[in-house]
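For reference, coords.cif is printed below; it contains mmCIF, C-alpha atoms.
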```cif
data_query
loop_
_atom_site.label_atom_id
_atom_site.label_comp_id
_atom_site.auth_asym_id
_atom_site.auth_seq_id
_atom_site.Cartn_x
_atom_site.Cartn_y
_atom_site.Cartn_z
CA MET A 1 38.10 83.53 17.51
CA LYS A 2 34.83 84.75 19.06
CA LYS A 3 31.90 82.40 18.85
CA VAL A 4 29.22 83.81 16.54
CA PHE A 5 27.07 80.88 15.49
CA LEU A 6 24.40 79.49 17.81
CA GLU A 7 22.13 76.54 17.11
CA GLY A 8 18.50 77.63 16.72
CA ALA A 9 16.85 80.93 17.64
CA ILE A 10 18.58 83.50 19.87
CA SER A 11 16.50 83.66 23.04
CA PRO A 12 15.46 86.87 24.83
CA GLU A 13 17.16 85.41 27.93
CA PHE A 14 20.50 85.12 26.08
CA ILE A 15 20.18 88.78 25.00
CA ALA A 16 19.29 89.94 28.53
CA ASP A 17 22.22 87.99 29.93
CA SER A 18 24.58 89.61 27.40
CA ILE A 19 23.43 93.05 28.54
CA ALA A 20 23.88 92.12 32.20
CA LYS A 21 27.46 90.96 31.58
CA HIS A 22 28.42 94.51 30.52
CA GLN A 23 27.42 96.15 33.81
CA SER A 24 30.92 95.57 35.16
CA LYS A 25 32.53 97.49 32.25
CA HIS A 26 32.43 101.03 33.58
CA SER A 27 34.04 102.83 30.63
CA ILE A 28 30.91 102.11 28.58
CA GLY A 29 28.34 104.91 28.30
CA ALA A 30 26.26 103.66 25.38
CA HIS A 31 25.07 100.36 24.01
CA ASN A 32 23.24 99.79 20.76
CA ILE A 33 21.58 96.53 19.76
CA PHE A 34 20.26 95.26 16.46
CA LEU A 35 17.95 92.24 16.48
CA GLY A 36 16.83 90.59 13.27
CA GLN A 37 13.57 88.62 13.47
CA VAL A 38 12.31 86.06 10.95
CA ARG A 39 9.42 87.59 9.05
CA ALA A 40 6.40 85.70 7.63
CA ASP A 41 6.93 86.86 4.03
CA GLU A 42 4.15 85.98 1.61
CA VAL A 43 5.23 83.84 -1.33
CA GLY A 44 2.32 83.53 -3.75
CA ASP A 45 -0.49 82.13 -1.58
CA GLN A 46 1.98 80.61 0.89
CA LYS A 47 3.79 82.15 3.86
CA VAL A 48 7.28 81.68 5.24
CA VAL A 49 7.04 79.77 8.53
CA ALA A 50 10.76 79.35 9.31
CA ILE A 51 14.25 79.81 7.92
CA GLU A 52 16.90 77.09 8.07
CA TYR A 53 20.33 78.70 8.18
CA THR A 54 23.57 77.06 7.07
CA THR A 55 27.05 78.50 6.67
CA TYR A 56 30.51 77.82 5.30
CA GLU A 57 31.75 78.05 8.86
CA GLU A 58 35.54 78.22 8.33
CA MET A 59 35.24 81.03 5.80
CA ALA A 60 32.49 82.76 7.80
CA ASN A 61 34.64 82.80 10.94
CA GLU A 62 37.60 84.25 9.02
CA LYS A 63 35.36 86.92 7.47
CA LEU A 64 33.72 87.76 10.81
CA HIS A 65 37.17 88.14 12.38
CA GLU A 66 38.17 90.62 9.62
CA ILE A 67 34.90 92.53 10.09
CA ARG A 68 35.47 92.76 13.87
CA GLU A 69 39.04 94.02 13.41
CA ALA A 70 37.90 96.58 10.82
CA ALA A 71 35.10 97.80 13.11
CA PHE A 72 37.53 98.43 15.99
CA GLU A 73 39.77 100.39 13.56
CA LYS A 74 36.89 102.43 12.17
CA PHE A 75 34.89 103.23 15.32
CA ASP A 76 35.70 104.08 18.93
CA LEU A 77 34.25 100.93 20.49
CA THR A 78 34.71 99.30 23.86
CA CYS A 79 33.37 95.96 22.66
CA LEU A 80 31.18 94.36 20.07
CA HIS A 81 29.37 91.06 19.78
CA ILE A 82 27.82 89.38 16.76
CA TYR A 83 25.62 86.29 17.09
CA HIS A 84 23.85 84.50 14.25
CA SER A 85 21.61 81.45 14.28
CA LEU A 86 22.21 78.20 12.42
CA GLY A 87 19.52 75.59 11.87
CA THR A 88 15.82 76.34 12.13
CA VAL A 89 14.47 79.69 13.31
CA LYS A 90 10.70 80.11 13.26
CA VAL A 91 8.87 83.32 12.31
CA GLY A 92 8.87 85.77 15.20
CA GLU A 93 12.16 84.43 16.58
CA ILE A 94 15.50 86.22 16.57
CA CYS A 95 18.17 85.08 14.08
CA ILE A 96 20.84 87.81 14.40
CA PHE A 97 21.98 89.84 17.43
CA VAL A 98 24.55 92.61 17.03
CA PHE A 99 25.59 94.38 20.23
CA VAL A 100 27.91 97.40 20.16
CA SER A 101 29.25 99.32 23.16
CA SER A 102 31.23 102.56 23.36
CA PRO A 103 32.01 105.34 25.84
CA ARG A 104 29.62 107.64 23.93
CA ARG A 105 26.44 107.42 21.91
CA LYS A 106 27.18 108.61 18.38
CA GLN A 107 29.59 105.83 17.40
CA VAL A 108 27.33 102.95 18.38
CA TYR A 109 24.58 103.86 15.88
CA GLU A 110 27.00 104.06 12.97
CA ALA A 111 28.91 100.95 14.00
CA THR A 112 25.77 98.83 14.36
CA GLU A 113 24.49 99.77 10.91
CA TRP A 114 27.93 99.15 9.38
CA LEU A 115 28.31 95.77 11.07
CA VAL A 116 24.87 94.46 10.11
CA ASN A 117 25.46 95.49 6.49
CA LYS A 118 28.86 93.76 6.45
CA VAL A 119 27.47 90.54 7.90
CA LYS A 120 24.66 90.47 5.33
CA GLU A 121 26.93 91.29 2.38
CA GLU A 122 30.15 89.43 3.13
CA VAL A 123 29.56 86.45 5.41
CA PRO A 124 28.67 83.17 3.64
CA ILE A 125 25.38 82.36 5.36
CA PHE A 126 22.54 80.70 3.45
CA GLY A 127 18.84 80.67 4.31
CA LYS A 128 16.25 78.13 3.24
CA GLU A 129 12.80 79.66 3.67
CA ILE A 130 10.30 76.98 4.65
CA LEU A 131 6.75 77.66 3.46
CA ASP A 132 3.55 76.50 5.14
CA ASN A 133 2.95 73.87 2.42
CA GLU A 134 6.39 72.43 3.33
CA GLU A 135 7.94 73.59 0.07
CA HIS A 136 10.89 75.93 0.25
CA GLN A 137 12.77 78.66 -1.53
CA TRP A 138 16.25 80.11 -1.00
CA LYS A 139 16.49 83.50 0.67
CA VAL A 140 18.50 86.20 -1.09
CA ASN A 141 19.44 89.42 0.70
CA SER A 142 18.18 92.45 -1.20
CA MET B 1 42.63 65.49 -4.53
CA ILE B 2 40.73 68.76 -4.89
CA THR B 3 37.90 69.32 -2.41
CA VAL B 4 34.76 71.14 -3.56
CA ASN B 5 32.16 72.28 -1.01
CA TYR B 6 28.57 73.03 -1.98
CA PHE B 7 26.05 75.22 -0.19
CA GLY B 8 22.39 76.25 -0.40
CA ASN B 9 20.59 75.48 -3.65
CA ILE B 10 23.84 74.26 -5.23
CA ALA B 11 24.15 71.56 -2.54
CA GLU B 12 20.58 70.59 -3.48
CA ALA B 13 21.53 70.30 -7.15
CA THR B 14 24.65 68.23 -6.39
CA GLN B 15 22.82 66.26 -3.64
CA SER B 16 25.98 66.59 -1.56
CA ASN B 17 27.73 69.09 0.71
CA SER B 18 31.21 68.21 -0.45
CA GLU B 19 33.16 65.99 -2.82
CA THR B 20 36.78 65.30 -3.66
CA LEU B 21 37.89 65.25 -7.28
CA ASN B 22 40.61 62.92 -8.35
CA HIS B 23 42.76 65.60 -9.99
CA ASN B 24 46.15 66.98 -8.99
CA SER B 25 45.84 70.19 -10.92
CA MET B 26 43.39 71.94 -13.23
CA SER B 27 42.42 75.47 -14.14
CA LEU B 28 39.45 77.13 -12.46
CA ALA B 29 37.72 77.28 -15.87
CA GLU B 30 38.22 73.52 -16.36
CA LEU B 31 36.88 72.83 -12.88
CA LEU B 32 33.75 74.93 -13.44
CA ASP B 33 33.17 73.25 -16.84
CA LEU B 34 33.50 69.83 -15.24
CA LEU B 35 31.04 70.71 -12.47
CA ASN B 36 28.63 72.25 -14.95
CA SER B 37 28.65 69.09 -17.07
CA LYS B 38 27.84 67.04 -13.95
CA TYR B 39 25.32 69.29 -12.22
CA ALA B 40 24.29 72.12 -14.62
CA ILE B 41 25.45 74.68 -12.04
CA ALA B 42 25.58 77.47 -14.63
CA GLN B 43 21.82 77.94 -14.12
CA PHE B 44 22.46 79.26 -10.59
CA PRO B 45 23.99 82.53 -9.43
CA PHE B 46 27.08 81.76 -7.32
CA GLN B 47 30.54 82.98 -6.32
CA VAL B 48 33.64 80.83 -6.04
CA ALA B 49 35.96 80.74 -3.02
CA VAL B 50 39.42 79.19 -3.25
CA ASN B 51 40.90 78.44 0.15
CA ARG B 52 38.14 80.55 1.73
CA LYS B 53 38.78 83.68 -0.37
CA ILE B 54 36.37 84.83 -3.07
CA VAL B 55 37.89 84.80 -6.57
CA SER B 56 36.47 85.89 -9.91
CA LYS B 57 35.08 82.98 -11.94
CA GLN B 58 36.90 84.46 -14.95
CA GLN B 59 40.27 84.60 -13.19
CA ALA B 60 43.06 82.60 -14.88
CA LEU B 61 43.84 80.48 -11.85
CA ASN B 62 45.21 77.00 -11.37
CA ILE B 63 43.75 74.78 -8.69
CA PHE B 64 46.10 72.31 -7.07
CA ASP B 65 45.99 69.24 -4.93
CA SER B 66 44.74 70.05 -1.40
CA ASP B 67 43.07 73.30 -2.47
CA GLU B 68 39.62 73.86 -0.96
CA ILE B 69 37.02 75.18 -3.39
CA ALA B 70 33.54 76.35 -2.45
CA LEU B 71 30.57 77.30 -4.61
CA LEU B 72 28.62 79.97 -2.75
CA PRO B 73 25.07 80.99 -3.69
CA PRO B 74 23.92 84.53 -2.79
CA PHE B 75 24.41 85.27 0.92
CA ALA B 76 21.32 85.44 3.11
CA GLY B 77 22.55 86.25 6.61
CA GLY B 78 20.45 88.32 9.00
#
```
Transcribe the structure of this file into structure tokens.
Amino acid sequence: MKKVFLEGAISPEFIADSIAKHQSKHSIGAHNIFLGQVRADEVGDQKVVAIEYTTYEEMANEKLHEIREAAFEKFDLTCLHIYHSLGTVKVGEICIFVFVSSPRRKQVYEATEWLVNKVKEEVPIFGKEILDNEEHQWKVNS
Amino acid sequence: MITVNYFGNIAEATQSNSETLNHNSMSLAELLDLLNSKYAIAQFPFQVAVNRKIVSKQQALNIFDSDEIALLPPFAGG
């Protein structure tokens, strides 16, 4: 089981390090990366200042494993990585990092889009949007 | 004992992440009625997972001792 969940925001250093680790894999000709950043949505006269993520981790890990297997069936990929934050991620910080690598370019665009959609639709992750008056509301993916 | 896990706004309503019910067997409909009478969960949108697989709330399904139930509000990953 690959580790997906990280405590807190995903740092630019972690992302850079992930890229560097692939320089020894010489069959790869194309990488594609999706980064999701917490946005300061306006809610009435308040703004979102952070999202607190929780998950049903056992089910999420099973679902993520199925998604990974399906992606390798569907696309010609050398490797893929999915990371998602748990706990508090402030606006402007990264909460999801999807990294897809393949010998050639075309597959990585399609695979990235497909993977991000699957994670949003099928993985039990919950987001509590903290507002600047310290109230909160629950995020729902549209 | 049947274990029920709560998440998101449902965990807020139940003021708990998890509880065990002292039942050996009951239908899914009976379980949802019981939880609704305790916590008024019917006001929230949610899906049900039994042993980590999503099932229809309308499914004629019996829950047994050691089954793991979860009430899952809308997903919000990404």
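Residues matching the PyMOL selection byres ((chain A) within 6 of (chain B)) in this structure come to Met59, Ile96, Lys120, Pro124, Ile125, Phe126, Gly127, Lys139, Val140 and Asn141 of chain A.
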For this session: Compare B:Ala13, B:Leu28, B:Ile2, B:Ala42 by their minimum atom-to-atom distance to Lys57 (chain B), counting all atoms listed in the file, and give me the closest one.
Result: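 Checking each candidate against Lys57 (chain B), we get B:Leu28 as the closest.
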Problem set entry | Contacts of Arg68 (chain A) within 12 Å, all atoms listed in the file, excl. fewer than 4 positions in-chain, as a VMD selection string | chain A and resid 1 to 2 4 61 to 64 72 to 75 77 to 82 98 to 100 111 to 112 114 to 116 118 to 119
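Going from CA of Gln23 (chain A) over to CA of Ile10 (chain A), you cover 20.8 Å.
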Exercise. So which residues touch region 25-39 of chain A within 6 Å, counting only C-alpha atoms, skipping near sequence neighbours fewer than 2 positions away, as JSON, numbers by chain?
Worked result: {"A": [22, 23, 41, 91, 92, 93, 94, 95, 96, 97, 98, 99, 100, 101, 102, 103, 104, 105, 108]}
Kindly save the residues from that selection, with C-alpha atoms included, as a JSON list (two decimals), in the coordinates of the input.
```json
[["chain", "number", "residue", "atom", "x", "y", "z"],
["A", 22, "HIS", "CA", 28.42, 94.51, 30.52],
["A", 23, "GLN", "CA", 27.42, 96.15, 33.81],
["A", 41, "ASP", "CA", 6.93, 86.86, 4.03],
["A", 91, "VAL", "CA", 8.87, 83.32, 12.31],
["A", 92, "GLY", "CA", 8.87, 85.77, 15.20],
["A", 93, "GLU", "CA", 12.16, 84.43, 16.58],
["A", 94, "ILE", "CA", 15.50, 86.22, 16.57],
["A", 95, "CYS", "CA", 18.17, 85.08, 14.08],
["A", 96, "ILE", "CA", 20.84, 87.81, 14.40],
["A", 97, "PHE", "CA", 21.98, 89.84, 17.43],
["A", 98, "VAL", "CA", 24.55, 92.61, 17.03],
["A", 99, "PHE", "CA", 25.59, 94.38, 20.23],
["A", 100, "VAL", "CA", 27.91, 97.40, 20.16],
["A", 101, "SER", "CA", 29.25, 99.32, 23.16],
["A", 102, "SER", "CA", 31.23, 102.56, 23.36],
["A", 103, "PRO", "CA", 32.01, 105.34, 25.84],
["A", 104, "ARG", "CA", 29.62, 107.64, 23.93],
["A", 105, "ARG", "CA", 26.44, 107.42, 21.91],
["A", 108, "VAL", "CA", 27.33, 102.95, 18.38]]
```
Problem set entry | Straight-line distance linking CA of Val55 (chain B) with CA of Ala29 (chain B), stated in Å to one decimal |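 Distance between the two atoms: 12.0 Å.
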Problem set entry | Polymer residues at most 9 Å from Thr3 (chain B), only C-alpha atoms, same-chain spacing of 4 or more positions, as a list in words |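 Contacts, with the query itself left out: Ser18, Glu19, Thr20, Leu21, Asp65, Ser66, Asp67, Glu68, Ile69 and Ala70 of chain B.
Shortest separation to Phe44 (chain B) among B:Leu31, B:Ile63, B:Val4, B:Ala11 occurs at residue B:Ala11, atoms counted being all atoms listed in the file.
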Exercise. Which residues fall under the PyMOL selection byres ((chain A and resi 88) around 10) in this file, as an MDAnalysis selection string?
Worked result: chainID A and resid 7:9 50:54 85:87 89:91 93 95 127:130
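Interatomic distance, CA of Asn62 (chain B) against CA of Gln15 (chain B): 26.0 Å.
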Taking all atoms of region 56-63 of chain B that the file lists and extending 3 Å past them on each side, where is the centre of the axis-aligned box and how long are its edges? Answer in Å to one decimal, as JSON.
```
{"center_x": 40.1, "center_y": 80.3, "center_z": -11.8, "size_x": 16.1, "size_y": 17.1, "size_z": 12.3}
```
